[in-house]
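J.: Got a structure here, written out as structure tokens. Questions coming.
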Amino acid sequence: MRVSVVLRYVGTVMLCLAAFMMMAAGMSYMNGMDSGFYPLLLSALLTLTLGAFPLLFVPKAMAITNKEGFAIVVGSWVLACIVGMFPYLIWGGEFTLVNAWFESVSGFTDTGATILNDIEQLPDGLLFYRTSTNWIGGVGVVMFALVILPSLGASKMSLSNVELSSLAKNNYRYRTQMIIRILLVVYVGLTVITTLLLKMAGLRWFDALNHAMSACATAGFSTKNASIAFYDNVVVEMILVAAMLISSIHFGLIYATFLRKGNNIFRSEIVRIYLVIIGISTLLVTISLLDAGVYTTIWDSLRYSFFQVVSLITTTGYATADTNMWTPFAIVILIFVSVIGACAGSTSGGMKVDRLLLFCKLLWARIRRQQHPNAVIRIRVDGVAQEADMLNNVVVFIVTYIALILFATITNTMFGQDLMTAFSSAVSCIGNVGPGFGEVGSMSNFSQIPAILKLQDSFLMLMGRLEIFGFIQLFFLKWWR
């Protein structure tokens, strides 16, 4: 593997991040040079230097190997999280070294968990930078870099193949350049529309933009300590629900729907199952809250249940209520949807509905084979037969995903966390959800947990965002052939 080539492409990603830091510094300047201006400006210059150095001294490579492509993608994610700490560390406040790392990882992986006790204390420039890490991480730091690299050819294909999971590529029946264009058009379009709608609903431009960026990234960073509960506005909530739902569906299907192609949202088996899960979960939570008297009217129970179910299944993590005060049954349902997550090919995290559907079909096929040992049973999704390798990967992923949750839960309890906090924080971090329950509930944060657990949770976030094996393989590169 040519390390110099890897550094050159990672450097391009750093330039992209430096541009967003500079934009945030510009916002600080327009806000009267608030306290975030110099930390952001200095961080942008440092990141620009890191990115420009390999571009200046490493010759351009026309082709890269699969091993190099993998190292570029995973290395870009890790280094992005490292340089993402710069503005936080220079600004100070609650940002110790571990806290800055946690906040940076949480931002880029679209987890939305925070260590901040007073978010509103941050200057606008730093708040915008914090949200921009969500937006960059939504479709991937490498995908953003590929947008500004129009002449990579085969190298671009190698990088995008590593960035997109095999599940995500199922509904992208286009060439690599077109896939990147689809991601950009759908993502930017959704963000602009959501910003305008939130402004019309009464939010100031700054809050509208930040929440639109975070909602379309299904990330969950807010500019308010109380998250969306601060506004107590049904119209704002429904706009965000729509943004979260659309962003949690495969972008290829969204694009095909607008073009009126056959493989669209309305014909997708996965989307139908996804919406059914949301509907049933909302109904069950609503009935539970109404029966327990948590809310006195059906409307209130439905309003808060629907928002929280959508927020957690899309792995956004916005909050309009303190879910720690809800019934145990409602909490179990919310944990269930947090584990499942949304659709592959979207900005959401979690196990993915696609895998759940394939696993259920595998289970049913196993039962049928016992009844008819000589039968040839093909597992299909949307009429397409699934390869054996894909099905095997699904099973291995689910088993590993659950094993990591159990391991993290045990580790959390070793350091004094109660079982609800330990389990839900593990689920929320590996699923890139954000809030959990107990001490890390929807109206709490991760500031009080030990530093060692913050580091563990950070690595869980990275593993979840890189679909576990993408991150693990980084430690076995020298055994690749």
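Chain lettering (A, B, ...) mirrors the order of the structure tokens, residue numbering begins at 1 for each chain separately, and ligand numbering begins at 1 in order of display.
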For the structure I just gave you, how does DSSP split stretch 230-395 of chain A - specifically, which residues are strand (DSSP E or B)? Reply as a list in words.
T.: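 So, restricting stretch 230-395 of chain A to strand (DSSP E or B), we get Arg380, Val381, Val384 and Ala385 of chain A.
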J.: Could you find all residues in stretch 195-385 of chain A that DSSP calls alpha helix (DSSP H) from the backbone, and write them as a count of residues only?
T.: 112
J.: Let me make sure I understand: among A:Val332, A:Cys216, A:Leu196, A:Val337, which one has the smallest atom-to-atom distance to A:Ser247 if we use only C-alpha atoms?
T.: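 That would be A:Cys216, the residue with the smallest distance to A:Ser247.
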J.: What is the distance between atom CA of A:Ser214 and atom CA of A:Leu245, in Å to one decimal?
T.: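 That distance, rounded to one decimal, is 12.9 Å.
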J.: For atom CA of A:Val235 and atom CA of A:Val433, determine how far apart the two atoms are, in Å to one decimal place.
T.: 23.3 Å
J.: Quick one, how far is atom CA of A:Ser428 from atom CA of A:Val396?
T.: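 Straight-line distance from atom CA of A:Ser428 to atom CA of A:Val396 works out to 20.3 Å.
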